[in-house]
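Structure file start34.pdb (PDB, C-alpha atoms) is printed below.
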ATOM      1  CA  GLU M   1      33.171 -11.898 -28.159  1.00  0.00           C
ATOM      2  CA  ARG M   2      33.942 -10.884 -24.561  1.00  0.00           C
ATOM      3  CA  GLU M   3      32.184  -7.537 -25.079  1.00  0.00           C
ATOM      4  CA  LYS M   4      29.130  -9.429 -26.329  1.00  0.00           C
ATOM      5  CA  GLN M   5      29.083 -11.629 -23.162  1.00  0.00           C
ATOM      6  CA  ASP M   6      29.490  -8.554 -20.955  1.00  0.00           C
ATOM      7  CA  LEU M   7      26.561  -6.840 -22.680  1.00  0.00           C
ATOM      8  CA  ILE M   8      24.366  -9.939 -22.394  1.00  0.00           C
ATOM      9  CA  ALA M   9      25.152 -10.107 -18.658  1.00  0.00           C
ATOM     10  CA  LYS M  10      24.442  -6.370 -18.284  1.00  0.00           C
ATOM     11  CA  ILE M  11      21.113  -6.722 -20.133  1.00  0.00           C
ATOM     12  CA  GLU M  12      20.070  -9.623 -17.880  1.00  0.00           C
ATOM     13  CA  ASP M  13      21.105  -7.663 -14.793  1.00  0.00           C
ATOM     14  CA  LEU M  14      19.154  -4.570 -15.917  1.00  0.00           C
ATOM     15  CA  GLU M  15      16.071  -6.640 -16.752  1.00  0.00           C
ATOM     16  CA  MET M  16      16.231  -8.218 -13.271  1.00  0.00           C
ATOM     17  CA  THR M  17      16.657  -4.779 -11.645  1.00  0.00           C
ATOM     18  CA  ILE M  18      13.672  -3.383 -13.573  1.00  0.00           C
ATOM     19  CA  LYS M  19      11.524  -6.390 -12.574  1.00  0.00           C
ATOM     20  CA  GLU M  20      12.506  -6.008  -8.887  1.00  0.00           C
ATOM     21  CA  LEU M  21      11.763  -2.270  -8.978  1.00  0.00           C
ATOM     22  CA  GLU M  22       8.367  -2.864 -10.593  1.00  0.00           C
ATOM     23  CA  GLU M  23       7.499  -5.407  -7.878  1.00  0.00           C
ATOM     24  CA  ALA M  24       8.686  -3.039  -5.125  1.00  0.00           C
ATOM     25  CA  ILE M  25       6.629  -0.171  -6.570  1.00  0.00           C
ATOM     26  CA  THR M  26       3.529  -2.393  -6.798  1.00  0.00           C
ATOM     27  CA  THR M  27       4.028  -3.507  -3.177  1.00  0.00           C
ATOM     28  CA  LEU M  28       4.450   0.087  -1.984  1.00  0.00           C
ATOM     29  CA  LYS M  29       1.302   1.185  -3.832  1.00  0.00           C
ATOM     30  CA  SER M  30      -0.753  -1.607  -2.256  1.00  0.00           C
ATOM     31  CA  GLU M  31       0.673  -0.763   1.208  1.00  0.00           C
ATOM     32  CA  ILE M  32      -0.324   2.883   0.736  1.00  0.00           C
ATOM     33  CA  ALA M  33      -3.821   1.851  -0.389  1.00  0.00           C
ATOM     34  CA  GLU M  34      -4.174  -0.380   2.704  1.00  0.00           C
ATOM     35  CA  MET M  35      -3.037   2.464   4.998  1.00  0.00           C
ATOM     36  CA  GLN M  36      -5.575   4.808   3.447  1.00  0.00           C
ATOM     37  CA  VAL M  37      -8.324   2.225   4.047  1.00  0.00           C
ATOM     38  CA  GLN M  38      -7.197   1.828   7.679  1.00  0.00           C
ATOM     39  CA  MET M  39      -7.208   5.601   8.149  1.00  0.00           C
ATOM     40  CA  LYS M  40     -10.724   5.857   6.672  1.00  0.00           C
ATOM     41  CA  ARG M  41     -11.963   3.105   9.013  1.00  0.00           C
ATOM     42  CA  ALA M  42     -10.274   4.745  11.997  1.00  0.00           C
ATOM     43  CA  GLY M  43     -11.993   8.026  11.101  1.00  0.00           C
ATOM     44  CA  GLU M  44     -15.389   6.304  10.914  1.00  0.00           C
ATOM     45  CA  ASP M  45     -14.772   4.527  14.246  1.00  0.00           C
ATOM     46  CA  ARG M  46     -13.689   7.819  15.842  1.00  0.00           C
ATOM     47  CA  GLU M  47     -16.874   9.475  14.599  1.00  0.00           C
ATOM     48  CA  LYS M  48     -19.021   6.719  16.173  1.00  0.00           C
ATOM     49  CA  GLN M  49     -17.077   6.935  19.446  1.00  0.00           C
ATOM     50  CA  ASN M  50     -17.539  10.700  19.516  1.00  0.00           C
ATOM     51  CA  LYS M  51     -21.310  10.388  18.977  1.00  0.00           C
ATOM     52  CA  GLU M  52     -21.486   7.867  21.837  1.00  0.00           C
ATOM     53  CA  PHE M  53     -19.430  10.250  23.979  1.00  0.00           C
ATOM     54  CA  GLN M  54     -21.749  13.175  23.187  1.00  0.00           C
ATOM     55  CA  MET M  55     -24.788  11.062  24.122  1.00  0.00           C
ATOM     56  CA  THR M  56     -23.183   9.809  27.353  1.00  0.00           C
ATOM     57  CA  VAL M  57     -22.246  13.319  28.479  1.00  0.00           C
ATOM     58  CA  ALA M  58     -25.680  14.681  27.542  1.00  0.00           C
ATOM     59  CA  ASP M  59     -27.357  11.842  29.487  1.00  0.00           C
ATOM     60  CA  GLN M  60     -25.171  12.384  32.553  1.00  0.00           C
ATOM     61  CA  ARG M  61     -25.759  16.138  32.513  1.00  0.00           C
ATOM     62  CA  GLU M  62     -29.509  15.657  32.139  1.00  0.00           C
ATOM     63  CA  THR M  63     -29.453  13.137  35.017  1.00  0.00           C
ATOM     64  CA  GLN M  64     -27.546  15.611  37.199  1.00  0.00           C
ATOM     65  CA  LYS M  65     -29.961  18.424  36.311  1.00  0.00           C
ATOM     66  CA  LEU M  66     -33.052  16.338  37.134  1.00  0.00           C
ATOM     67  CA  LEU M  67     -31.572  15.008  40.366  1.00  0.00           C
ATOM     68  CA  GLN M  68     -30.455  18.493  41.471  1.00  0.00           C
ATOM     69  CA  ALA M  69     -34.023  19.702  40.912  1.00  0.00           C
ATOM     70  CA  ALA M  70     -35.409  16.738  42.892  1.00  0.00           C
ATOM     71  CA  LEU M  71     -32.864  17.344  45.631  1.00  0.00           C
ATOM     72  CA  LYS M  72     -33.885  21.011  45.856  1.00  0.00           C
ATOM     73  CA  VAL M  73     -37.595  20.109  46.112  1.00  0.00           C
ATOM     74  CA  LEU M  74     -36.864  17.583  48.865  1.00  0.00           C
ATOM     75  CA  LYS M  75     -34.554  19.991  50.693  1.00  0.00           C
ATOM     76  CA  ASP M  76     -37.213  22.729  50.594  1.00  0.00           C
ATOM     77  CA  PHE M  77     -39.839  20.250  51.767  1.00  0.00           C
ATOM     78  CA  TYR M  78     -37.741  18.926  54.642  1.00  0.00           C
ATOM     79  CA  ASP M  79     -36.590  22.452  55.622  1.00  0.00           C
ATOM     80  CA  LYS M  80     -40.251  23.603  55.877  1.00  0.00           C
ATOM     81  CA  GLN M  81     -41.189  20.475  57.778  1.00  0.00           C
ATOM     82  CA  GLY M  82     -38.196  20.932  60.050  1.00  0.00           C
ATOM     83  CA  ALA M  83     -39.062  24.588  60.681  1.00  0.00           C
ATOM     84  CA  PHE M  84     -42.664  23.613  61.393  1.00  0.00           C
ATOM     85  CA  VAL M  85     -41.586  20.916  63.857  1.00  0.00           C
ATOM     86  CA  GLN M  86     -39.088  23.229  65.555  1.00  0.00           C
ATOM     87  CA  LYS M  87     -41.741  25.918  66.119  1.00  0.00           C
ATOM     88  CA  LYS M  88     -43.790  23.383  68.083  1.00  0.00           C
ATOM     89  CA  GLN M  89     -40.841  22.127  70.117  1.00  0.00           C
ATOM     90  CA  GLU M  90     -39.858  23.777  73.305  1.00  0.00           C
ATOM     91  CA  PRO M  91     -36.174  24.473  73.764  1.00  0.00           C
ATOM     92  CA  ALA M  92     -34.590  21.640  75.708  1.00  0.00           C
ATOM     93  CA  GLY M  93     -31.087  21.942  77.063  1.00  0.00           C
ATOM     94  CA  PRO M  94     -28.004  23.291  75.272  1.00  0.00           C
ATOM     95  CA  PRO M  95     -27.884  23.427  71.469  1.00  0.00           C
ATOM     96  CA  PRO M  96     -26.600  20.243  69.791  1.00  0.00           C
ATOM     97  CA  PRO M  97     -22.914  20.085  68.884  1.00  0.00           C
ATOM     98  CA  ALA M  98     -21.852  21.093  65.391  1.00  0.00           C
ATOM     99  CA  GLY M  99     -22.391  18.353  62.810  1.00  0.00           C
ATOM    100  CA  PHE M 100     -25.528  16.965  64.444  1.00  0.00           C
ATOM    101  CA  GLU M 101     -27.832  19.759  63.353  1.00  0.00           C
ATOM    102  CA  ALA M 102     -28.592  18.291  59.938  1.00  0.00           C
ATOM    103  CA  TYR M 103     -29.718  15.025  61.497  1.00  0.00           C
ATOM    104  CA  LYS M 104     -32.023  16.791  63.971  1.00  0.00           C
ATOM    105  CA  LYS M 105     -34.117  18.470  61.253  1.00  0.00           C
ATOM    106  CA  SER M 106     -35.784  15.297  60.005  1.00  0.00           C
ATOM    107  CA  GLY M 107     -34.876  11.651  60.367  1.00  0.00           C
ATOM    108  CA  ALA M 108     -36.364  10.618  56.967  1.00  0.00           C
ATOM    109  CA  SER M 109     -34.656  13.363  54.967  1.00  0.00           C
ATOM    110  CA  GLY M 110     -31.090  12.101  55.431  1.00  0.00           C
ATOM    111  CA  GLY M 111     -31.400   8.733  53.627  1.00  0.00           C
ATOM    112  CA  VAL M 112     -33.207   9.938  50.516  1.00  0.00           C
ATOM    113  CA  MET M 113     -31.201  13.129  50.128  1.00  0.00           C
ATOM    114  CA  SER M 114     -27.833  11.441  50.642  1.00  0.00           C
ATOM    115  CA  LEU M 115     -28.857   8.762  48.122  1.00  0.00           C
ATOM    116  CA  LEU M 116     -29.728  11.461  45.566  1.00  0.00           C
ATOM    117  CA  GLN M 117     -26.477  13.265  46.343  1.00  0.00           C
ATOM    118  CA  GLN M 118     -24.571   9.982  45.786  1.00  0.00           C
ATOM    119  CA  ILE M 119     -26.291   9.406  42.424  1.00  0.00           C
ATOM    120  CA  ILE M 120     -25.430  12.982  41.379  1.00  0.00           C
ATOM    121  CA  SER M 121     -21.784  12.396  42.362  1.00  0.00           C
ATOM    122  CA  ASP M 122     -21.760   9.127  40.390  1.00  0.00           C
ATOM    123  CA  ALA M 123     -23.193  10.907  37.336  1.00  0.00           C
ATOM    124  CA  LYS M 124     -20.501  13.608  37.617  1.00  0.00           C
ATOM    125  CA  ALA M 125     -17.812  10.922  37.918  1.00  0.00           C
ATOM    126  CA  MET M 126     -19.187   9.099  34.847  1.00  0.00           C
ATOM    127  CA  GLU M 127     -19.189  12.374  32.903  1.00  0.00           C
ATOM    128  CA  ALA M 128     -15.579  13.096  33.920  1.00  0.00           C
ATOM    129  CA  GLU M 129     -14.531   9.535  32.975  1.00  0.00           C
ATOM    130  CA  ALA M 130     -16.278   9.853  29.593  1.00  0.00           C
ATOM    131  CA  ILE M 131     -14.468  13.157  28.950  1.00  0.00           C
ATOM    132  CA  ARG M 132     -11.100  11.596  29.872  1.00  0.00           C
ATOM    133  CA  SER M 133     -11.765   8.581  27.632  1.00  0.00           C
ATOM    134  CA  GLU M 134     -12.806  10.849  24.768  1.00  0.00           C
ATOM    135  CA  GLU M 135      -9.640  12.932  25.090  1.00  0.00           C
ATOM    136  CA  ASP M 136      -7.488   9.760  25.147  1.00  0.00           C
ATOM    137  CA  ALA M 137      -9.297   8.304  22.132  1.00  0.00           C
ATOM    138  CA  GLN M 138      -8.975  11.566  20.193  1.00  0.00           C
ATOM    139  CA  LYS M 139      -5.250  11.783  20.972  1.00  0.00           C
ATOM    140  CA  ALA M 140      -4.703   8.149  19.941  1.00  0.00           C
ATOM    141  CA  TYR M 141      -6.592   8.788  16.688  1.00  0.00           C
ATOM    142  CA  GLU M 142      -4.586  11.947  15.935  1.00  0.00           C
ATOM    143  CA  ASP M 143      -1.312  10.096  16.629  1.00  0.00           C
ATOM    144  CA  PHE M 144      -2.407   7.228  14.355  1.00  0.00           C
ATOM    145  CA  VAL M 145      -3.305   9.638  11.536  1.00  0.00           C
ATOM    146  CA  LYS M 146      -0.011  11.524  11.958  1.00  0.00           C
ATOM    147  CA  GLU M 147       2.079   8.308  11.902  1.00  0.00           C
ATOM    148  CA  THR M 148       0.117   6.857   8.982  1.00  0.00           C
ATOM    149  CA  ASN M 149       0.449  10.058   6.942  1.00  0.00           C
ATOM    150  CA  ALA M 150       4.199  10.103   7.636  1.00  0.00           C
ATOM    151  CA  SER M 151       4.454   6.478   6.525  1.00  0.00           C
ATOM    152  CA  ILE M 152       2.410   7.166   3.375  1.00  0.00           C
ATOM    153  CA  GLU M 153       4.648  10.137   2.594  1.00  0.00           C
ATOM    154  CA  ALA M 154       7.806   8.026   3.061  1.00  0.00           C
ATOM    155  CA  LYS M 155       6.417   5.244   0.851  1.00  0.00           C
ATOM    156  CA  SER M 156       5.359   7.787  -1.786  1.00  0.00           C
ATOM    157  CA  LYS M 157       8.906   9.202  -1.854  1.00  0.00           C
ATOM    158  CA  ASP M 158      10.217   5.649  -2.137  1.00  0.00           C
ATOM    159  CA  ILE M 159       7.911   5.078  -5.137  1.00  0.00           C
ATOM    160  CA  VAL M 160       9.248   8.255  -6.795  1.00  0.00           C
ATOM    161  CA  ASN M 161      12.873   7.185  -6.169  1.00  0.00           C
ATOM    162  CA  LYS M 162      12.268   3.646  -7.413  1.00  0.00           C
ATOM    163  CA  SER M 163      10.412   4.985 -10.465  1.00  0.00           C
ATOM    164  CA  GLU M 164      13.405   7.193 -11.252  1.00  0.00           C
ATOM    165  CA  GLU M 165      15.793   4.235 -10.774  1.00  0.00           C
ATOM    166  CA  LYS M 166      13.566   2.148 -13.058  1.00  0.00           C
ATOM    167  CA  ALA M 167      13.556   4.868 -15.737  1.00  0.00           C
ATOM    168  CA  VAL M 168      17.368   5.042 -15.599  1.00  0.00           C
ATOM    169  CA  ALA M 169      17.609   1.228 -15.767  1.00  0.00           C
ATOM    170  CA  GLU M 170      15.212   1.165 -18.728  1.00  0.00           C
ATOM    171  CA  GLY M 171      17.326   3.796 -20.489  1.00  0.00           C
ATOM    172  CA  ASP M 172      20.472   1.777 -19.747  1.00  0.00           C
ATOM    173  CA  LEU M 173      18.735  -1.359 -21.032  1.00  0.00           C
ATOM    174  CA  VAL M 174      17.839   0.290 -24.340  1.00  0.00           C
ATOM    175  CA  GLN M 175      21.434   1.475 -24.651  1.00  0.00           C
ATOM    176  CA  ALA M 176      22.830  -1.959 -23.767  1.00  0.00           C
ATOM    177  CA  LYS M 177      20.567  -3.645 -26.321  1.00  0.00           C
ATOM    178  CA  GLU M 178      21.656  -1.159 -28.999  1.00  0.00           C
ATOM    179  CA  SER M 179      25.315  -1.746 -28.056  1.00  0.00           C
ATOM    180  CA  LYS M 180      24.747  -5.502 -28.225  1.00  0.00           C
ATOM    181  CA  GLU M 181      23.192  -5.147 -31.698  1.00  0.00           C
ATOM    182  CA  ALA M 182      26.188  -3.056 -32.813  1.00  0.00           C
ATOM    183  CA  VAL M 183      28.653  -5.638 -31.389  1.00  0.00           C
ATOM    184  CA  MET M 184      26.705  -8.488 -33.007  1.00  0.00           C
ATOM    185  CA  LEU M 185      26.801  -6.648 -36.340  1.00  0.00           C
ATOM    186  CA  GLU M 186      30.521  -5.963 -35.932  1.00  0.00           C
ATOM    187  CA  LEU M 187      31.162  -9.602 -35.011  1.00  0.00           C
ATOM    188  CA  GLU M 188      29.161 -10.728 -38.042  1.00  0.00           C
ATOM    189  CA  GLN M 189      31.128  -8.401 -40.299  1.00  0.00           C
ATOM    190  CA  LEU M 190      34.412  -9.635 -38.772  1.00  0.00           C
ATOM    191  CA  SER M 191      33.256 -13.218 -39.217  1.00  0.00           C
ATOM    192  CA  ASN M 192      32.379 -12.534 -42.876  1.00  0.00           C
ATOM    193  CA  TYR M 193      35.706 -10.760 -43.407  1.00  0.00           C
ATOM    194  CA  ASN M 194      37.473 -13.654 -41.713  1.00  0.00           C
ATOM    195  CA  ALA M 195      35.670 -16.123 -43.983  1.00  0.00           C
ATOM    196  CA  GLU M 196      36.624 -14.092 -47.059  1.00  0.00           C
ATOM    197  CA  LEU M 197      40.249 -13.958 -45.921  1.00  0.00           C
ATOM    198  CA  HIS M 198      40.223 -17.656 -45.203  1.00  0.00           C
ATOM    199  CA  GLN M 199      38.763 -18.336 -48.646  1.00  0.00           C
ATOM    200  CA  SER M 200      41.306 -16.150 -50.404  1.00  0.00           C
ATOM    201  CA  CYS M 201      44.116 -17.815 -48.434  1.00  0.00           C
ATOM    202  CA  ASP M 202      42.815 -21.260 -49.293  1.00  0.00           C
ATOM    203  CA  PHE M 203      42.621 -20.249 -52.948  1.00  0.00           C
ATOM    204  CA  VAL M 204      46.305 -19.466 -53.067  1.00  0.00           C
TER
END
Take the structure I supplied and represent it as structure tokens, if you would.
Amino acid sequence: EREKQDLIAKIEDLEMTIKELEEAITTLKSEIAEMQVQMKRAGEDREKQNKEFQMTVADQRETQKLLQAALKVLKDFYDKQGAFVQKKQEPAGPPPPAGFEAYKKSGASGGVMSLLQQIISDAKAMEAEAIRSEEDAQKAYEDFVKETNASIEAKSKDIVNKSEEKAVAEGDLVQAKESKEAVMLELEQLSNYNAELHQSCDFV
């Protein structure tokens, strides 16, 4: 009778273990599926960011190229104008100190050319910032993918381990049920034998 109770308790325990393992495996599978979706989305986002980066850099480089060309045309124009003006001028006094020569060439040239030079510098700075941001975003994406893949791998191993535990528990459950059937049969036979003995004793 005690063996029967022990087997019933073992069967209940194994059934509970199997149920818990099944739930854990289902949870792990859904977590893995969610991680794969997140990784796919991150990849799509990264692709969009990279296209935006490529366009930004191309725009900034084109801006720099056009402004450099404009700056060269203006510089050539103002240099010719300056040379033309200087030919007409008569030398007056000592040469100007260093640093003032550029301003002497033409009063109008300085403002426009320095403005163009400033815009070119801004475009270069924007390009450098875009490159830095792109590198940071790419590194963050690669780290995310690496961590997510490691997590998926760990969860996959956990699924394999839990599946093996479940298989063992299911095997133990089958065995426990068979043992219970054998004990029940033995108890029934003992009960029948006991009844027969009791009857034969009562007869006497």
Result set, the PyMOL selection byres ((chain M and resi 128-138) around 9) on current file, as a PyMOL selection string: chain M and resi 46+49-50+53+56-57+123-127+139-143
For Lys162 in chain M, find every residue with an atom within 9 Å (counting all atoms listed in the file), except residues of its own chain fewer than 5 positions away, and show them as a PDB file with C-alpha atoms, keeping the file's coordinate frame.
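Writing done, so here's part.pdb:
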ATOM      1  CA  LEU M  21      11.763  -2.270  -8.978  1.00  0.00           C
ATOM      2  CA  GLU M  22       8.367  -2.864 -10.593  1.00  0.00           C
ATOM      3  CA  ALA M  24       8.686  -3.039  -5.125  1.00  0.00           C
ATOM      4  CA  ILE M  25       6.629  -0.171  -6.570  1.00  0.00           C
ATOM      5  CA  LYS M 157       8.906   9.202  -1.854  1.00  0.00           C
ATOM      6  CA  ALA M 167      13.556   4.868 -15.737  1.00  0.00           C
TER       7      ALA M 167
END
Among listed residues M:Ile159, M:Ile120, M:Ala176, M:Ile32, nearest Leu14 in chain M (using all atoms listed in the file): M:Ala176
Test item: the PyMOL selection byres ((chain M and resi 2) around 12) resolved as a list in words: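 Expected selection for the PyMOL selection byres ((chain M and resi 2) around 12) here is Glu1, Glu3, Lys4, Gln5, Asp6, Leu7, Ile8, Ala9, Lys180, Val183, Met184 and Leu187 of chain M.
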Can I get the selected residues back with C-alpha atoms, as a PDB file, keeping the file's coordinate frame?
ATOM      1  CA  GLU M   1      33.171 -11.898 -28.159  1.00  0.00           C
ATOM      2  CA  GLU M   3      32.184  -7.537 -25.079  1.00  0.00           C
ATOM      3  CA  LYS M   4      29.130  -9.429 -26.329  1.00  0.00           C
ATOM      4  CA  GLN M   5      29.083 -11.629 -23.162  1.00  0.00           C
ATOM      5  CA  ASP M   6      29.490  -8.554 -20.955  1.00  0.00           C
ATOM      6  CA  LEU M   7      26.561  -6.840 -22.680  1.00  0.00           C
ATOM      7  CA  ILE M   8      24.366  -9.939 -22.394  1.00  0.00           C
ATOM      8  CA  ALA M   9      25.152 -10.107 -18.658  1.00  0.00           C
ATOM      9  CA  LYS M 180      24.747  -5.502 -28.225  1.00  0.00           C
ATOM     10  CA  VAL M 183      28.653  -5.638 -31.389  1.00  0.00           C
ATOM     11  CA  MET M 184      26.705  -8.488 -33.007  1.00  0.00           C
ATOM     12  CA  LEU M 187      31.162  -9.602 -35.011  1.00  0.00           C
TER      13      LEU M 187
END
Atom pair CA of Ile152 in chain M / CA of Glu47 in chain M: separation (Å):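 CA of Ile152 in chain M sits 22.4 Å away from CA of Glu47 in chain M.
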Can you put N, CA and C atoms back into range 11-28 of chain M and show it as a compact mmCIF listing (two decimals), in the frame of the given file?
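Once written, part-v7.txt looks like this:
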# COMPACT_ATOMS: atom_id res chain seq x y z
N ILE M 11 22.54 -6.75 -19.76
CA ILE M 11 21.11 -6.72 -20.13
C ILE M 11 20.30 -7.56 -19.15
N GLU M 12 20.78 -8.76 -18.83
CA GLU M 12 20.07 -9.62 -17.88
C GLU M 12 19.97 -8.96 -16.50
N ASP M 13 21.06 -8.35 -16.09
CA ASP M 13 21.10 -7.66 -14.79
C ASP M 13 20.10 -6.50 -14.77
N LEU M 14 20.08 -5.70 -15.84
CA LEU M 14 19.15 -4.57 -15.92
C LEU M 14 17.70 -5.04 -15.94
N GLU M 15 17.45 -6.12 -16.70
CA GLU M 15 16.07 -6.64 -16.75
C GLU M 15 15.62 -7.12 -15.37
N MET M 16 16.53 -7.75 -14.62
CA MET M 16 16.23 -8.22 -13.27
C MET M 16 15.97 -7.02 -12.35
N THR M 17 16.81 -5.99 -12.46
CA THR M 17 16.66 -4.78 -11.64
C THR M 17 15.31 -4.13 -11.92
N ILE M 18 14.95 -4.01 -13.19
CA ILE M 18 13.67 -3.38 -13.57
C ILE M 18 12.50 -4.19 -13.00
N LYS M 19 12.59 -5.52 -13.10
CA LYS M 19 11.52 -6.39 -12.57
C LYS M 19 11.39 -6.20 -11.06
N GLU M 20 12.52 -6.19 -10.34
CA GLU M 20 12.51 -6.01 -8.89
C GLU M 20 11.91 -4.65 -8.51
N LEU M 21 12.29 -3.61 -9.25
CA LEU M 21 11.76 -2.27 -8.98
C LEU M 21 10.26 -2.20 -9.23
N GLU M 22 9.81 -2.85 -10.30
CA GLU M 22 8.37 -2.86 -10.59
C GLU M 22 7.60 -3.55 -9.46
N GLU M 23 8.15 -4.68 -8.98
CA GLU M 23 7.50 -5.41 -7.88
C GLU M 23 7.48 -4.56 -6.60
N ALA M 24 8.61 -3.89 -6.32
CA ALA M 24 8.69 -3.04 -5.12
C ALA M 24 7.68 -1.89 -5.21
N ILE M 25 7.57 -1.28 -6.38
CA ILE M 25 6.63 -0.17 -6.57
C ILE M 25 5.19 -0.65 -6.38
N THR M 26 4.88 -1.82 -6.95
CA THR M 26 3.53 -2.39 -6.80
C THR M 26 3.22 -2.66 -5.32
N THR M 27 4.20 -3.23 -4.61
CA THR M 27 4.03 -3.51 -3.18
C THR M 27 3.79 -2.21 -2.41
N LEU M 28 4.60 -1.20 -2.67
CA LEU M 28 4.45 0.09 -1.98
C LEU M 28 3.07 0.70 -2.25
